[in-house]
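Structure, as structure tokens:
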Amino acid sequence: MAGIKDATAIVGIGQTPFAKHLDEDEKTLACRAVLAALDDAGIAPGEVDAVASYTMEETDEVELAKAVGLGDLTFFSKVGYGGGGSCATVAHLAAAIAAGQASVGVAWRSRKRGSGPRPWKNTTAQLPTPAQWTRPFGLLRPADEIAMLTRRYMHEYGATRDHLFNVALACRNRANQNPAAVMYDRPLTREMYMTSRWISEPLCLFDNCLETDGALACVVVSAERARDCRRPPVYVHSAAQGLPAQHHGMVNYWNDDPLTGPAWTAARHLWKHADFTPQDVDVAQIYDAFTALIPLSLEGYGFCGRGEGGAFTEQGALEIGGRLPLNTSGGGLSEAYVHGFNLINEGVRQLRGTSTAQVPDAATCLVTAGEGVPTSALLLRS
């Protein structure tokens, strides 16, 4: 990925409304988000020659290309592992464009998780190997799997529910500034958090992401082309994916060190090819399907030492004006949960200076995909 440094830029972003239920199907939502992103960039659909999405995306490239009128595609890819794939979609496009395989790329994710089915309810499907050792014994949902990891983290390092509340509160406070967020008009208090029902102990209702219908997209072009686009370019400075040796996904409990997740692997590659360090990051959009993923990611990406992620959240560190303003649109916890793609778009808004919770003079942004599963990350700069 050294060859992609600042060679490409995100020049357009688009999204649909977010809600617990939207009437339109996933394909229609995907088309709307892609067309909005292209309009934002000032690029015609027929100029697109590359697309990237997730293996879990129900709208395939053939259907999308026909529906919105894309040009001849010379590059197309899909990235696995749900929320772990978000940043990798942009990374794949950046690599293809830098290598001359394409010139205009679109990445997207469309999902009806709020009103759609739950993946783990399909009892006829063959379980993946790790799940054969866990789901028959009650670890059915991602929330159950991460709850086990959270308990281990709290036991080993003394993290508390107050630390998890700090994460939930920071995300909710930013959503309360964002009219597009599902939780825009719904403040969160410590009492609400501490008295809410358990989802999978020690994770309560507000430790879990939203269940949302919606779609998002972004447009990637070369740095040279970006100078002529409608919006200021946001450069892809560094990108990485991470799958540690002998990793088993979210049920990583029998690994030698379950708390050293994919973020650590991705981070080493990400910073190796960057011209700045974690201390130079102005704002971060860190994947937050569960509050506990934030302290784990803070450690993995080098913002604090091993076991210090909980303490890092104290004294308003994640709020605007804190040590590391976080998930400034509300994130998956309070804006929308669309497998993390909203974090990419918010990173772009921050570096354009157009966020509803703008960090003053933000020039660098870390965006991460899901910790606990094979993951990916981006360093963006203005």
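Labeling convention for the structure tokens: chains A, B, ... as they appear, residues from 1 per chain, ligands from 1 in order of appearance.
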Contacts of range 260-267 of chain A at 10 Å (only C-alpha atoms; same-chain gap of 4+ positions) as a VMD selection string:
chain A and resid 84 239 to 245 247 to 250 252 255 to 256 271 to 272 278 296 to 302 306 368 to 378
Every residue of range 76-140 of chain A that DSSP places in helix (DSSP H, G or I), as a list in words:
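Reading the DSSP output for range 76-140 of chain A, helix (DSSP H, G or I) covers Gly82, Gly83, Gly84, Gly85, Ser86, Cys87, Ala88, Thr89, Val90, Ala91, His92, Leu93, Ala94, Ala95, Ala96, Ile97, Ala98, Pro119, Trp120, Lys121, Thr129, Pro130, Ala131, Gln132, Arg135, Pro136 and Phe137 of chain A.
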Measuring between only C-alpha atoms, which one of A:Phe206, A:Phe341, A:Tyr253, A:Phe303 shows the shortest distance to Phe165 in chain A?
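Closest to Phe165 in chain A of all the choices is A:Phe206.
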What is the distance, in Å and to one decimal place, between CA of Glu61 in chain A and CA of Asp288 in chain A?
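A separation of 27.4 Å between them.
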Let's see if you can do this: from backbone DSSP, list all strand (DSSP E or B) residues in range 188-303 of chain A, as a list in words.
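Restricting range 188-303 of chain A to strand (DSSP E or B) produces Trp198, Ile199, Ser200, Leu203, Cys204, Asn208, Asp213, Gly214, Ala215, Leu216, Ala217, Cys218, Val219, Val220, Val221, Ser222, Val234, Tyr235, Val236, His237, Ser238, Ala239, Ala240, Gln241, Gly242, Val283, Ala284, Gln285 and Phe290 of chain A.
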Out of A:His339, A:Ala9, A:Ala147, A:Ala41, which residue has the shortest atom-to-atom distance to Val79 in chain A when counting only C-alpha atoms?
A:His339
Give me, as a list of chain:residue names, all polymer residues having an atom no more than 8 Å from range 227-237 of chain A, counting only C-alpha atoms and skipping those fewer than 4 positions away in the same chain.
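Contacts, with the query itself left out: A:Ile4, A:Lys5, A:Asp6, A:Ala7, A:Thr8, A:Ala9, A:Ile10, A:Val11, A:Gly12, A:Asp40, A:Ala41, A:Gly42, A:Ile43, A:Ala94, A:Ala223, A:Ala274, A:Val348, A:Leu351, A:Arg352, A:Leu378, A:Leu379, A:Leu380, A:Arg381, A:Ser382.
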Residues near Gln15 in chain A, cut-off 6 Å, only C-alpha atoms, skip fewer than 2 positions along chain, as a list of chain:residue names:
A:Ala33, A:Ala215, A:Leu216
Long-range neighbours of Gln285 in chain A as a VMD selection string, 9 Å cut-off, only C-alpha atoms, 4 positions minimum in chain
chain A and resid 325 to 329 331 343 to 344 346 to 347 365 to 368
Restricting it to N, CA, C and O atoms, dump the selection as an mmCIF file, in the first residue's frame.
```cif
data_model
loop_
_atom_site.group_PDB
_atom_site.id
_atom_site.type_symbol
_atom_site.label_atom_id
_atom_site.label_comp_id
_atom_site.auth_asym_id
_atom_site.auth_seq_id
_atom_site.Cartn_x
_atom_site.Cartn_y
_atom_site.Cartn_z
ATOM 1 N N PRO A 325 -11.358 13.588 19.703
ATOM 2 C CA PRO A 325 -12.785 13.633 19.360
ATOM 3 C C PRO A 325 -13.161 12.436 18.491
ATOM 4 O O PRO A 325 -12.446 12.095 17.541
ATOM 5 N N LEU A 326 -14.290 11.825 18.830
ATOM 6 C CA LEU A 326 -14.599 10.501 18.298
ATOM 7 C C LEU A 326 -15.986 10.454 17.689
ATOM 8 O O LEU A 326 -16.927 11.038 18.230
ATOM 9 N N ASN A 327 -16.118 9.782 16.561
ATOM 10 C CA ASN A 327 -17.411 9.433 15.960
ATOM 11 C C ASN A 327 -18.365 10.623 15.969
ATOM 12 O O ASN A 327 -19.438 10.597 16.563
ATOM 13 N N THR A 328 -17.950 11.645 15.262
ATOM 14 C CA THR A 328 -18.556 12.964 15.393
ATOM 15 C C THR A 328 -19.912 13.102 14.714
ATOM 16 O O THR A 328 -20.563 14.137 14.846
ATOM 17 N N SER A 329 -20.367 12.072 14.007
ATOM 18 C CA SER A 329 -21.749 12.079 13.513
ATOM 19 C C SER A 329 -22.671 11.270 14.421
ATOM 20 O O SER A 329 -23.881 11.254 14.226
ATOM 21 N N GLY A 331 -21.802 7.897 15.068
ATOM 22 C CA GLY A 331 -21.318 6.536 14.899
ATOM 23 C C GLY A 331 -22.422 5.500 14.782
ATOM 24 O O GLY A 331 -23.601 5.811 14.609
ATOM 25 N N LEU A 343 -18.977 6.042 9.058
ATOM 26 C CA LEU A 343 -17.740 6.579 9.622
ATOM 27 C C LEU A 343 -16.833 7.131 8.522
ATOM 28 O O LEU A 343 -16.141 8.137 8.726
ATOM 29 N N ILE A 344 -16.829 6.472 7.354
ATOM 30 C CA ILE A 344 -16.033 6.984 6.231
ATOM 31 C C ILE A 344 -16.557 8.346 5.789
ATOM 32 O O ILE A 344 -15.794 9.311 5.635
ATOM 33 N N GLU A 346 -18.326 10.494 7.408
ATOM 34 C CA GLU A 346 -18.116 11.538 8.413
ATOM 35 C C GLU A 346 -16.663 11.971 8.455
ATOM 36 O O GLU A 346 -16.367 13.148 8.667
ATOM 37 N N GLY A 347 -15.738 11.054 8.228
ATOM 38 C CA GLY A 347 -14.339 11.450 8.129
ATOM 39 C C GLY A 347 -14.117 12.452 7.010
ATOM 40 O O GLY A 347 -13.366 13.429 7.158
ATOM 41 N N CYS A 365 -7.540 12.382 9.833
ATOM 42 C CA CYS A 365 -8.607 11.580 10.425
ATOM 43 C C CYS A 365 -8.287 10.098 10.262
ATOM 44 O O CYS A 365 -7.922 9.649 9.173
ATOM 45 N N LEU A 366 -8.422 9.350 11.348
ATOM 46 C CA LEU A 366 -8.378 7.894 11.294
ATOM 47 C C LEU A 366 -9.799 7.370 11.194
ATOM 48 O O LEU A 366 -10.676 7.778 11.947
ATOM 49 N N VAL A 367 -10.020 6.446 10.256
ATOM 50 C CA VAL A 367 -11.289 5.731 10.153
ATOM 51 C C VAL A 367 -10.981 4.249 10.275
ATOM 52 O O VAL A 367 -10.080 3.744 9.599
ATOM 53 N N THR A 368 -11.719 3.542 11.132
ATOM 54 C CA THR A 368 -11.470 2.118 11.288
ATOM 55 C C THR A 368 -12.726 1.305 11.001
ATOM 56 O O THR A 368 -13.847 1.784 11.145
#
```
Show which residues sit within 8 Å of Leu210 in chain A, as a PDB file with N, CA and C atoms, in the first residue's frame. Count only C-alpha atoms, and ignore same-chain residues fewer than 6 positions away.
```pdb
ATOM      1  N   GLY A 114     -32.510  -2.767  10.184  1.00  0.00           N
ATOM      2  CA  GLY A 114     -33.568  -2.383  11.102  1.00  0.00           C
ATOM      3  C   GLY A 114     -34.845  -3.172  10.886  1.00  0.00           C
ATOM      4  N   GLY A 332     -22.031   4.244  14.907  1.00  0.00           N
ATOM      5  CA  GLY A 332     -22.989   3.158  14.856  1.00  0.00           C
ATOM      6  C   GLY A 332     -23.876   3.095  16.076  1.00  0.00           C
ATOM      7  N   LEU A 333     -23.398   3.661  17.177  1.00  0.00           N
ATOM      8  CA  LEU A 333     -24.174   3.644  18.407  1.00  0.00           C
ATOM      9  C   LEU A 333     -25.343   4.612  18.372  1.00  0.00           C
ATOM     10  N   SER A 334     -25.188   5.744  17.660  1.00  0.00           N
ATOM     11  CA  SER A 334     -26.225   6.775  17.772  1.00  0.00           C
ATOM     12  C   SER A 334     -26.597   7.480  16.471  1.00  0.00           C
ATOM     13  N   GLU A 335     -25.818   7.330  15.403  1.00  0.00           N
ATOM     14  CA  GLU A 335     -26.262   7.882  14.113  1.00  0.00           C
ATOM     15  C   GLU A 335     -27.002   6.807  13.319  1.00  0.00           C
ATOM     16  N   ALA A 336     -26.285   5.777  12.931  1.00  0.00           N
ATOM     17  CA  ALA A 336     -26.876   4.674  12.165  1.00  0.00           C
ATOM     18  C   ALA A 336     -25.864   3.549  12.130  1.00  0.00           C
ATOM     19  N   TYR A 337     -26.358   2.328  12.000  1.00  0.00           N
ATOM     20  CA  TYR A 337     -25.458   1.192  11.851  1.00  0.00           C
ATOM     21  C   TYR A 337     -25.640   0.605  10.460  1.00  0.00           C
TER      22      TYR A 337
END
```
Show me, as a list in words, the residues that have an atom within 7 Å of Glu26 in chain A when counting only C-alpha atoms, minus same-chain residues fewer than 6 positions from it.
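Contacts, in chain order: Thr59, Ser110, Arg111 and Lys112 of chain A.
Atom to atom, CA of Gly321 in chain A and CA of Pro179 in chain A stand 21.0 Å apart.
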With distances taken over only C-alpha atoms, which of A:Gly116, A:Gly105, A:Gly310, A:Gly46 is nearest to Phe75 in chain A?
A:Gly105
With only C-alpha atoms counted and 12 Å as the cut-off, give the residues of range 162-267 of chain A in contact with range 135-143 of chain A, each with its shortest interatomic distance in Å and the pair that gives it, as a tab-separated table.
```
residue	atom	partner	partner_atom	distance
A:Trp198	CA	A:Ala143	CA	10.6
A:Ile199	CA	A:Ala143	CA	7.3
A:Ser200	CA	A:Ala143	CA	6.2
A:Glu201	CA	A:Ala143	CA	9.1
A:Pro202	CA	A:Ala143	CA	10.0
A:Leu203	CA	A:Ala143	CA	7.6
A:Cys204	CA	A:Ala143	CA	9.7
A:Leu205	CA	A:Ala143	CA	10.3
A:Phe206	CA	A:Ala143	CA	11.8
A:Asp207	CA	A:Ala143	CA	9.2
A:Asn208	CA	A:Ala143	CA	7.4
A:Cys209	CA	A:Ala143	CA	9.6
A:Gly249	CA	A:Pro142	CA	10.4
A:Met250	CA	A:Pro142	CA	7.5
A:Val251	CA	A:Leu139	CA	9.0
```
Prev. selection, all heavy atoms, output as a tab-separated table (two decimals), in the first residue's frame:
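Once everything was written out, this is out-v8.tsv:
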```tsv
chain	number	residue	atom	x	y	z
A	198	TRP	N	-30.14	-5.36	30.22
A	198	TRP	CA	-29.01	-6.07	29.65
A	198	TRP	C	-29.37	-6.62	28.27
A	198	TRP	O	-30.49	-7.07	28.06
A	198	TRP	CB	-28.60	-7.25	30.54
A	198	TRP	CG	-28.10	-6.89	31.89
A	198	TRP	CD1	-28.67	-7.21	33.08
A	198	TRP	CD2	-26.91	-6.15	32.20
A	198	TRP	NE1	-27.91	-6.70	34.13
A	198	TRP	CE2	-26.83	-6.04	33.60
A	198	TRP	CE3	-25.92	-5.54	31.43
A	198	TRP	CZ2	-25.80	-5.38	34.25
A	198	TRP	CZ3	-24.89	-4.88	32.07
A	198	TRP	CH2	-24.82	-4.80	33.47
A	199	ILE	N	-28.42	-6.57	27.36
A	199	ILE	CA	-28.54	-7.28	26.09
A	199	ILE	C	-27.74	-8.59	26.18
A	199	ILE	O	-28.23	-9.67	25.86
A	199	ILE	CB	-28.04	-6.43	24.91
A	199	ILE	CG1	-28.87	-5.15	24.81
A	199	ILE	CG2	-28.10	-7.23	23.61
A	199	ILE	CD1	-30.36	-5.38	24.57
A	200	SER	N	-26.50	-8.49	26.63
A	200	SER	CA	-25.68	-9.65	26.97
A	200	SER	C	-24.64	-9.15	27.96
A	200	SER	O	-23.70	-8.45	27.60
A	200	SER	CB	-25.02	-10.23	25.71
A	200	SER	OG	-24.39	-11.46	25.98
A	201	GLU	N	-24.86	-9.46	29.21
A	201	GLU	CA	-24.04	-8.90	30.29
A	201	GLU	C	-22.56	-9.17	30.06
A	201	GLU	O	-22.20	-10.29	29.69
A	201	GLU	CB	-24.48	-9.53	31.62
A	201	GLU	CG	-24.05	-8.74	32.84
A	201	GLU	CD	-24.69	-9.27	34.13
A	201	GLU	OE1	-25.63	-10.08	34.03
A	201	GLU	OE2	-24.24	-8.89	35.21
A	202	PRO	N	-21.68	-8.15	30.19
A	202	PRO	CA	-21.88	-6.82	30.78
A	202	PRO	C	-22.30	-5.73	29.79
A	202	PRO	O	-22.10	-4.55	30.09
A	202	PRO	CB	-20.49	-6.52	31.34
A	202	PRO	CG	-19.56	-7.15	30.35
A	202	PRO	CD	-20.25	-8.40	29.89
A	203	LEU	N	-22.84	-6.07	28.64
A	203	LEU	CA	-23.26	-5.07	27.66
A	203	LEU	C	-24.76	-4.79	27.82
A	203	LEU	O	-25.58	-5.70	27.68
A	203	LEU	CB	-22.99	-5.55	26.24
A	203	LEU	CG	-21.52	-5.87	25.91
A	203	LEU	CD1	-21.39	-6.39	24.49
A	203	LEU	CD2	-20.62	-4.66	26.13
A	204	CYS	N	-25.08	-3.52	28.08
A	204	CYS	CA	-26.48	-3.13	28.22
A	204	CYS	C	-27.00	-2.58	26.89
A	204	CYS	O	-26.29	-2.56	25.89
A	204	CYS	CB	-26.63	-2.09	29.34
A	204	CYS	SG	-25.96	-0.46	28.93
A	205	LEU	N	-28.23	-2.12	26.91
A	205	LEU	CA	-28.87	-1.62	25.70
A	205	LEU	C	-28.01	-0.58	24.99
A	205	LEU	O	-27.82	-0.63	23.77
A	205	LEU	CB	-30.23	-1.00	26.05
A	205	LEU	CG	-31.00	-0.32	24.92
A	205	LEU	CD1	-31.41	-1.34	23.87
A	205	LEU	CD2	-32.22	0.41	25.46
A	206	PHE	N	-27.43	0.36	25.74
A	206	PHE	CA	-26.72	1.48	25.12
A	206	PHE	C	-25.27	1.15	24.78
A	206	PHE	O	-24.55	2.01	24.26
A	206	PHE	CB	-26.79	2.71	26.04
A	206	PHE	CG	-28.20	3.18	26.27
A	206	PHE	CD1	-28.79	3.07	27.52
A	206	PHE	CD2	-28.96	3.69	25.23
A	206	PHE	CE1	-30.09	3.50	27.74
A	206	PHE	CE2	-30.26	4.12	25.43
A	206	PHE	CZ	-30.83	4.01	26.69
A	207	ASP	N	-24.84	-0.08	25.07
A	207	ASP	CA	-23.53	-0.55	24.61
A	207	ASP	C	-23.60	-1.14	23.22
A	207	ASP	O	-22.56	-1.49	22.65
A	207	ASP	CB	-22.98	-1.62	25.57
A	207	ASP	CG	-22.60	-1.07	26.92
A	207	ASP	OD1	-21.91	-0.04	26.97
A	207	ASP	OD2	-23.01	-1.67	27.93
A	208	ASN	N	-24.80	-1.27	22.68
A	208	ASN	CA	-25.01	-1.93	21.39
A	208	ASN	C	-25.40	-0.91	20.33
A	208	ASN	O	-26.11	0.07	20.60
A	208	ASN	CB	-26.13	-2.96	21.51
A	208	ASN	CG	-25.71	-4.17	22.32
A	208	ASN	OD1	-25.41	-5.21	21.76
A	208	ASN	ND2	-25.69	-4.05	23.64
A	209	CYS	N	-24.96	-1.17	19.11
A	209	CYS	CA	-25.26	-0.27	18.00
A	209	CYS	C	-26.75	-0.30	17.67
A	209	CYS	O	-27.50	-1.18	18.12
A	209	CYS	CB	-24.45	-0.64	16.78
A	209	CYS	SG	-24.83	-2.27	16.11
A	249	GLY	N	-11.95	-14.79	14.53
A	249	GLY	CA	-13.10	-13.90	14.51
A	249	GLY	C	-13.45	-13.44	15.91
A	249	GLY	O	-12.63	-13.46	16.83
A	250	MET	N	-14.68	-13.03	16.10
A	250	MET	CA	-15.09	-12.48	17.40
A	250	MET	C	-15.00	-13.51	18.52
A	250	MET	O	-14.91	-13.14	19.68
A	250	MET	CB	-16.50	-11.90	17.31
A	250	MET	CG	-16.56	-10.59	16.54
A	250	MET	SD	-18.17	-9.79	16.58
A	250	MET	CE	-19.07	-10.79	15.41
A	251	VAL	N	-15.03	-14.79	18.19
A	251	VAL	CA	-14.88	-15.82	19.21
A	251	VAL	C	-13.42	-16.25	19.27
A	251	VAL	O	-13.06	-17.39	19.03
A	251	VAL	CB	-15.81	-17.02	18.93
A	251	VAL	CG1	-17.25	-16.63	19.16
A	251	VAL	CG2	-15.65	-17.52	17.49
```
